[in-house]
file work_39.cif (mmCIF, C-alpha atoms)
data_start
loop_
_atom_site.group_PDB
_atom_site.id
_atom_site.type_symbol
_atom_site.label_atom_id
_atom_site.label_comp_id
_atom_site.auth_asym_id
_atom_site.auth_seq_id
_atom_site.Cartn_x
_atom_site.Cartn_y
_atom_site.Cartn_z
ATOM 1 C CA MET A 20 -4.651 28.952 7.382
ATOM 2 C CA ASP A 21 -2.874 25.901 8.851
ATOM 3 C CA THR A 22 -1.506 23.570 6.220
ATOM 4 C CA PHE A 23 0.893 20.834 5.207
ATOM 5 C CA PRO A 24 3.358 22.970 3.172
ATOM 6 C CA LEU A 25 4.283 20.192 0.720
ATOM 7 C CA ALA A 26 0.768 18.862 0.205
ATOM 8 C CA ILE A 27 -0.043 20.629 -3.055
ATOM 9 C CA PRO A 28 3.439 20.362 -4.649
ATOM 10 C CA ASN A 29 3.482 16.638 -3.867
ATOM 11 C CA LEU A 30 -0.035 16.105 -5.189
ATOM 12 C CA LEU A 31 0.683 17.995 -8.410
ATOM 13 C CA ARG A 32 3.875 16.011 -8.898
ATOM 14 C CA TYR A 33 1.962 12.773 -8.480
ATOM 15 C CA MET A 34 -0.768 13.946 -10.847
ATOM 16 C CA ASN A 35 1.738 14.960 -13.503
ATOM 17 C CA ASP A 36 3.456 11.579 -13.247
ATOM 18 C CA HIS A 37 0.300 9.461 -13.368
ATOM 19 C CA THR A 38 -2.184 11.329 -15.591
ATOM 20 C CA LYS A 39 -2.213 13.237 -18.853
ATOM 21 C CA ILE A 40 -2.391 16.538 -17.018
ATOM 22 C CA LYS A 41 0.312 18.802 -18.401
ATOM 23 C CA ALA A 42 3.446 19.220 -16.300
ATOM 24 C CA SER A 43 3.097 23.002 -16.620
ATOM 25 C CA ILE A 44 0.185 22.986 -14.160
ATOM 26 C CA LYS A 45 1.346 24.766 -11.017
ATOM 27 C CA GLY A 46 -0.220 25.550 -7.688
ATOM 28 C CA GLN A 47 -0.130 29.110 -6.434
ATOM 29 C CA THR A 48 -1.434 31.075 -3.495
ATOM 30 C CA ILE A 49 -4.426 33.262 -4.342
ATOM 31 C CA GLU A 50 -6.012 35.714 -1.952
ATOM 32 C CA LEU A 51 -9.796 35.613 -1.955
ATOM 33 C CA SER A 52 -9.756 39.358 -2.621
ATOM 34 C CA ASP A 53 -7.680 38.859 -5.802
ATOM 35 C CA PRO A 54 -9.617 39.101 -9.106
ATOM 36 C CA THR A 55 -7.566 36.185 -10.493
ATOM 37 C CA LEU A 56 -9.559 33.971 -8.123
ATOM 38 C CA PHE A 57 -12.284 33.844 -10.764
ATOM 39 C CA SER A 58 -10.016 32.112 -13.276
ATOM 40 C CA ALA A 59 -8.889 29.380 -10.863
ATOM 41 C CA PRO A 60 -10.701 26.084 -11.549
ATOM 42 C CA PHE A 61 -9.850 24.644 -8.111
ATOM 43 C CA ILE A 62 -9.044 26.233 -4.765
ATOM 44 C CA TYR A 63 -7.838 24.459 -1.646
ATOM 45 C CA MET A 64 -8.199 25.701 1.926
ATOM 46 C CA THR A 65 -7.192 24.015 5.173
ATOM 47 C CA GLY A 66 -7.200 24.817 8.843
ATOM 48 C CA SER A 67 -6.821 23.325 12.285
ATOM 49 C CA GLU A 68 -6.016 25.684 15.140
ATOM 50 C CA CYS A 69 -6.273 28.866 13.095
ATOM 51 C CA ILE A 70 -8.981 31.484 13.435
ATOM 52 C CA VAL A 71 -11.018 31.799 10.256
ATOM 53 C CA SER A 72 -11.209 35.528 9.655
ATOM 54 C CA LEU A 73 -12.189 36.805 6.225
ATOM 55 C CA SER A 74 -13.079 40.328 5.195
ATOM 56 C CA PRO A 75 -16.521 41.135 3.745
ATOM 57 C CA VAL A 76 -14.914 41.438 0.295
ATOM 58 C CA GLU A 77 -13.276 38.024 0.602
ATOM 59 C CA ILE A 78 -16.525 36.406 1.730
ATOM 60 C CA GLU A 79 -18.465 38.031 -1.107
ATOM 61 C CA ASN A 80 -15.822 36.982 -3.644
ATOM 62 C CA LEU A 81 -15.853 33.404 -2.363
ATOM 63 C CA GLY A 82 -19.615 33.207 -2.806
ATOM 64 C CA ASN A 83 -19.478 34.723 -6.288
ATOM 65 C CA TYR A 84 -16.598 32.424 -7.248
ATOM 66 C CA LEU A 85 -18.492 29.296 -6.221
ATOM 67 C CA ARG A 86 -21.677 30.437 -7.955
ATOM 68 C CA SER A 87 -19.670 31.187 -11.126
ATOM 69 C CA GLY A 88 -18.349 27.657 -11.567
ATOM 70 C CA GLY A 89 -15.534 27.535 -9.019
ATOM 71 C CA PHE A 90 -14.651 24.473 -6.955
ATOM 72 C CA LEU A 91 -13.439 24.470 -3.339
ATOM 73 C CA PHE A 92 -11.849 21.615 -1.409
ATOM 74 C CA ILE A 93 -11.752 22.681 2.222
ATOM 75 C CA GLU A 94 -10.375 20.476 4.958
ATOM 76 C CA ASP A 95 -10.057 20.398 8.722
ATOM 77 C CA ILE A 96 -6.549 18.971 9.066
ATOM 78 C CA ALA A 97 -4.736 17.477 12.036
ATOM 79 C CA LYS A 98 -1.325 16.236 13.062
ATOM 80 C CA SER A 99 -0.243 13.033 11.393
ATOM 81 C CA PRO A 100 -1.778 10.018 13.170
ATOM 82 C CA LYS A 101 0.575 7.560 14.837
ATOM 83 C CA PRO A 102 0.530 3.803 14.197
ATOM 84 C CA GLY A 103 -1.833 2.025 16.555
ATOM 85 C CA GLU A 104 -3.938 5.086 17.349
ATOM 86 C CA SER A 105 -7.693 4.729 17.684
ATOM 87 C CA PRO A 106 -9.742 3.637 14.644
ATOM 88 C CA PRO A 107 -9.745 6.018 11.668
ATOM 89 C CA GLY A 108 -12.389 8.658 11.310
ATOM 90 C CA GLY A 109 -12.732 12.403 11.276
ATOM 91 C CA ILE A 110 -14.058 14.628 14.034
ATOM 92 C CA ALA A 111 -16.977 16.932 13.291
ATOM 93 C CA GLY A 112 -17.738 20.099 15.198
ATOM 94 C CA THR A 113 -14.158 21.295 15.792
ATOM 95 C CA THR A 114 -13.461 25.021 15.983
ATOM 96 C CA PHE A 115 -12.256 25.171 12.384
ATOM 97 C CA ASP A 116 -15.166 23.022 11.227
ATOM 98 C CA GLN A 117 -17.698 25.406 12.773
ATOM 99 C CA GLN A 118 -15.963 28.597 11.637
ATOM 100 C CA ALA A 119 -15.419 27.435 8.061
ATOM 101 C CA LYS A 120 -19.016 26.308 7.694
ATOM 102 C CA ALA A 121 -20.208 29.644 9.076
ATOM 103 C CA VAL A 122 -18.125 31.465 6.444
ATOM 104 C CA LEU A 123 -19.599 29.312 3.684
ATOM 105 C CA LYS A 124 -23.088 30.003 5.001
ATOM 106 C CA GLU A 125 -22.411 33.725 4.927
ATOM 107 C CA ALA A 126 -20.879 33.518 1.452
ATOM 108 C CA LEU A 127 -23.588 31.379 -0.112
ATOM 109 C CA GLY A 128 -26.731 32.140 1.869
ATOM 110 C CA ARG A 129 -29.565 29.914 0.664
ATOM 111 C CA ASP A 130 -27.186 27.987 -1.575
ATOM 112 C CA CYS A 131 -25.297 26.670 1.466
ATOM 113 C CA ARG A 132 -26.904 23.277 1.985
ATOM 114 C CA PHE A 133 -24.485 20.585 3.130
ATOM 115 C CA PHE A 134 -25.096 16.948 2.240
ATOM 116 C CA ARG A 135 -23.169 13.717 2.710
ATOM 117 C CA ILE A 136 -21.540 12.826 -0.593
ATOM 118 C CA PRO A 137 -22.641 9.246 -1.356
ATOM 119 C CA LYS A 138 -20.129 6.575 -2.356
ATOM 120 C CA THR A 139 -21.890 6.356 -5.710
ATOM 121 C CA HIS A 140 -21.043 9.982 -6.566
ATOM 122 C CA PRO A 141 -18.939 10.470 -9.745
ATOM 123 C CA LEU A 142 -16.254 12.131 -7.607
ATOM 124 C CA PHE A 143 -15.249 8.669 -6.430
ATOM 125 C CA HIS A 144 -14.728 7.466 -10.001
ATOM 126 C CA SER A 145 -13.477 10.555 -11.859
ATOM 127 C CA PHE A 146 -10.048 8.963 -12.425
ATOM 128 C CA TYR A 147 -9.403 6.234 -9.854
ATOM 129 C CA ASP A 148 -12.148 4.079 -8.374
ATOM 130 C CA PHE A 149 -13.054 4.455 -4.701
ATOM 131 C CA ASP A 150 -15.979 2.071 -4.296
ATOM 132 C CA ASP A 151 -15.768 2.292 -0.491
ATOM 133 C CA GLY A 152 -15.680 6.081 -0.368
ATOM 134 C CA PRO A 153 -12.816 8.376 0.651
ATOM 135 C CA PRO A 154 -9.597 7.136 2.326
ATOM 136 C CA LEU A 155 -10.001 7.260 6.103
ATOM 137 C CA GLY A 156 -6.544 6.582 7.520
ATOM 138 C CA GLY A 157 -5.481 10.218 7.707
ATOM 139 C CA ALA A 158 -7.575 10.970 10.778
ATOM 140 C CA SER A 159 -8.091 8.947 13.930
ATOM 141 C CA GLY A 160 -10.297 9.033 16.972
ATOM 142 C CA GLY A 161 -13.441 10.353 15.339
ATOM 143 C CA ASN A 162 -16.675 8.991 13.943
ATOM 144 C CA VAL A 163 -16.902 10.815 10.603
ATOM 145 C CA ASN A 164 -16.299 8.514 7.642
ATOM 146 C CA TYR A 165 -17.740 10.619 4.839
ATOM 147 C CA LEU A 166 -17.223 13.850 2.937
ATOM 148 C CA GLU A 167 -19.738 16.667 2.818
ATOM 149 C CA GLY A 168 -20.601 18.724 -0.207
ATOM 150 C CA ILE A 169 -22.515 21.769 -1.362
ATOM 151 C CA GLU A 170 -24.206 21.749 -4.738
ATOM 152 C CA ILE A 171 -25.140 24.906 -6.619
ATOM 153 C CA ARG A 172 -27.662 24.399 -9.416
ATOM 154 C CA GLY A 173 -26.819 20.706 -9.534
ATOM 155 C CA ARG A 174 -23.036 21.218 -9.701
ATOM 156 C CA LEU A 175 -20.759 20.112 -6.859
ATOM 157 C CA ALA A 176 -19.092 23.368 -5.810
ATOM 158 C CA VAL A 177 -17.674 22.518 -2.370
ATOM 159 C CA VAL A 178 -16.169 19.375 -0.877
ATOM 160 C CA PHE A 179 -15.770 19.680 2.911
ATOM 161 C CA SER A 180 -13.530 17.157 4.657
ATOM 162 C CA ASP A 181 -12.885 16.252 8.282
ATOM 163 C CA LEU A 182 -10.759 13.282 7.166
ATOM 164 C CA ASN A 183 -7.255 14.812 6.997
ATOM 165 C CA ILE A 184 -6.730 13.622 3.422
ATOM 166 C CA SER A 185 -4.085 16.325 3.012
ATOM 167 C CA TRP A 186 -1.842 14.339 5.360
ATOM 168 C CA TYR A 187 -1.350 11.754 2.614
ATOM 169 C CA TRP A 188 -0.192 14.469 0.253
ATOM 170 C CA GLY A 189 2.093 16.298 2.637
ATOM 171 C CA ASP A 190 3.804 13.440 4.522
ATOM 172 C CA THR A 191 5.976 11.113 2.443
ATOM 173 C CA GLU A 192 5.895 8.564 5.268
ATOM 174 C CA ALA A 193 2.094 8.415 5.448
ATOM 175 C CA THR A 194 0.677 4.905 5.613
ATOM 176 C CA GLY A 195 -1.498 4.213 2.573
ATOM 177 C CA ARG A 196 -0.177 7.339 0.887
ATOM 178 C CA GLU A 197 -0.770 6.098 -2.667
ATOM 179 C CA ARG A 198 -4.539 5.950 -2.241
ATOM 180 C CA GLY A 199 -4.597 9.346 -0.597
ATOM 181 C CA LEU A 200 -2.750 10.873 -3.545
ATOM 182 C CA GLN A 201 -5.042 9.082 -5.954
ATOM 183 C CA PHE A 202 -8.046 10.599 -4.247
ATOM 184 C CA GLY A 203 -6.439 14.021 -4.593
ATOM 185 C CA VAL A 204 -6.181 13.365 -8.317
ATOM 186 C CA ASN A 205 -9.888 12.523 -8.359
ATOM 187 C CA LEU A 206 -10.705 15.844 -6.718
ATOM 188 C CA ILE A 207 -8.760 17.842 -9.275
ATOM 189 C CA VAL A 208 -9.921 15.849 -12.300
ATOM 190 C CA TYR A 209 -13.517 16.137 -11.177
ATOM 191 C CA ALA A 210 -13.174 19.892 -10.707
ATOM 192 C CA LEU A 211 -11.664 20.236 -14.198
ATOM 193 C CA THR A 212 -14.224 18.107 -16.003
ATOM 194 C CA GLN A 213 -17.623 18.519 -14.399
ATOM 195 C CA PRO A 214 -20.179 20.446 -16.484
ATOM 196 C CA GLY A 215 -20.639 24.055 -15.454
ATOM 197 C CA GLY A 216 -17.166 24.447 -13.954
ATOM 198 C CA ILE A 217 -14.672 27.200 -14.722
ATOM 199 C CA ALA A 218 -12.142 24.906 -16.371
ATOM 200 C CA ASN A 219 -11.775 24.302 -20.061
ATOM 201 C CA ILE A 220 -10.340 20.790 -19.926
ATOM 202 C CA GLY A 221 -8.563 21.348 -23.245
ATOM 203 C CA GLN A 222 -6.202 23.696 -21.440
ATOM 204 C CA TYR A 223 -4.977 20.960 -19.125
ATOM 205 C CA THR A 224 -4.716 17.724 -21.160
ATOM 206 C CA TRP A 225 -2.496 16.599 -23.973
#

call {"tool": "encode", "arguments": {"input": "work_39.cif", "output": "structure tokens"}}
result
Amino acid sequence: MDTFPLAIPNLLRYMNDHTKIKASIKGQTIELSDPTLFSAPFIYMTGSECIVSLSPVEIENLGNYLRSGGFLFIEDIAKSPKPGESPPGGIAGTTFDQQAKAVLKEALGRDCRFFRIPKTHPLFHSFYDFDDGPPLGGASGGNVNYLEGIEIRGRLAVVFSDLNISWYWGDTEATGRERGLQFGVNLIVYALTQPGGIANIGQYTW
């Protein structure tokens, strides 16, 4: 998958510095075929120009993981926008967008029903308040200003983004970076605390 290599280390550093999440929390790479996937409370996948190619075992595991309380943040990322570029907004229907959604459909079958996450959703208030919805400055030139989600039995299992939020995490020069990092904290805190998720929040707080 394409990625910003420092995105997760930077986000975890920010989270450790600004929340009561223990400093021992670490990000690690997990293959979807690895049984330890089912103990991970939060997984993060990104892509841009890559080809999304997963084995049948990986697709089956992803579906079982999400149905078992797992949480996925998956994002169509892009190069860092330049100052003065066209108005912010994500672009739907890119190659990665289509391929990733097809994989989720195969993994989840009938459970794969995308919806626009409303600004009133608890995700936008799980730690920091985002009354206006997600930060939009990471992407430019598109018309998508929302996040999509998939719920399984009333639990938010997937957050799908075309907004390049990862740029805030991975680029220390990103304009408006603080709010982007804060939204990353919201994603993780929500995944750790929502009912029905894998996480036992007592493992992660003081």

call {"tool": "axis_aligned_box", "arguments": {"input": "work_39.cif", "around": "region 187-196 of chain A", "padding_each_side": "4 Å", "output": "lines of an AutoDock Vina configuration file"}}
result
center_x = 2.2
center_y = 10.3
center_z = 2.9
size_x = 15.5
size_y = 20.1
size_z = 13.4

call {"tool": "resolve_selection", "arguments": {"input": "work_39.cif", "expression": "the PyMOL selection byres ((chain A and resi 179-190) around 8)", "output": "PyMOL selection string"}}
result
chain A and resi 23-27+29-30+92-99+108-111+116+154-158+163-168+177-178+191-197+199-200+203

call {"tool": "atom_distance", "arguments": {"input": "work_39.cif", "atom1": "CA of Thr48 (chain A)", "atom2": "CA of Arg86 (chain A)"}}
result
20.7 Å

call {"tool": "closest_residue", "arguments": {"input": "work_39.cif", "among": "A:Leu175, A:Leu127, A:Leu81, A:Val76", "to": "Gln213 (chain A)", "atoms": "all atoms listed in the file"}}
result
A:Leu175

call {"tool": "closest_residue", "arguments": {"input": "work_39.cif", "among": "A:Thr55, A:Ser67, A:Thr212, A:Ser87", "to": "Thr114 (chain A)", "atoms": "only C-alpha atoms"}}
result
A:Ser67

call {"tool": "residues_around", "arguments": {"input": "work_39.cif", "residues": "region 57-62 of chain A", "least_positions_apart": "2", "cutoff": "8 Å", "atoms": "all atoms listed in the file", "output": "VMD selection string"}}
result
chain A and resid 54 to 55 64 84 87 to 92 207 210 to 211 216 to 218

call {"tool": "atom_distance", "arguments": {"input": "work_39.cif", "atom1": "CA of Tyr147 (chain A)", "atom2": "CA of Val204 (chain A)"}}
result
8.0 Å

call {"tool": "atom_distance", "arguments": {"input": "work_39.cif", "atom1": "CA of Arg129 (chain A)", "atom2": "CA of Ser145 (chain A)"}}
result
28.1 Å

call {"tool": "closest_residue", "arguments": {"input": "work_39.cif", "among": "A:Gly152, A:Leu206, A:Lys124, A:His140", "to": "Tyr63 (chain A)", "atoms": "all atoms listed in the file"}}
result
A:Leu206

call {"tool": "closest_residue", "arguments": {"input": "work_39.cif", "among": "A:Asn205, A:Ser159, A:Asn80, A:Gln117", "to": "Leu142 (chain A)", "atoms": "all atoms listed in the file"}}
result
A:Asn205

call {"tool": "residues_around", "arguments": {"input": "work_39.cif", "residues": "Pro75 (chain A)", "least_positions_apart": "2", "cutoff": "12 Å", "atoms": "only C-alpha atoms", "output": "PyMOL selection string"}}
result
chain A and resi 51-52+72-73+77-82+122+125-126

call {"tool": "residues_around", "arguments": {"input": "work_39.cif", "residues": "Asp150 (chain A)", "least_positions_apart": "2", "cutoff": "8 Å", "atoms": "all atoms listed in the file", "output": "count of residues only"}}
result
6
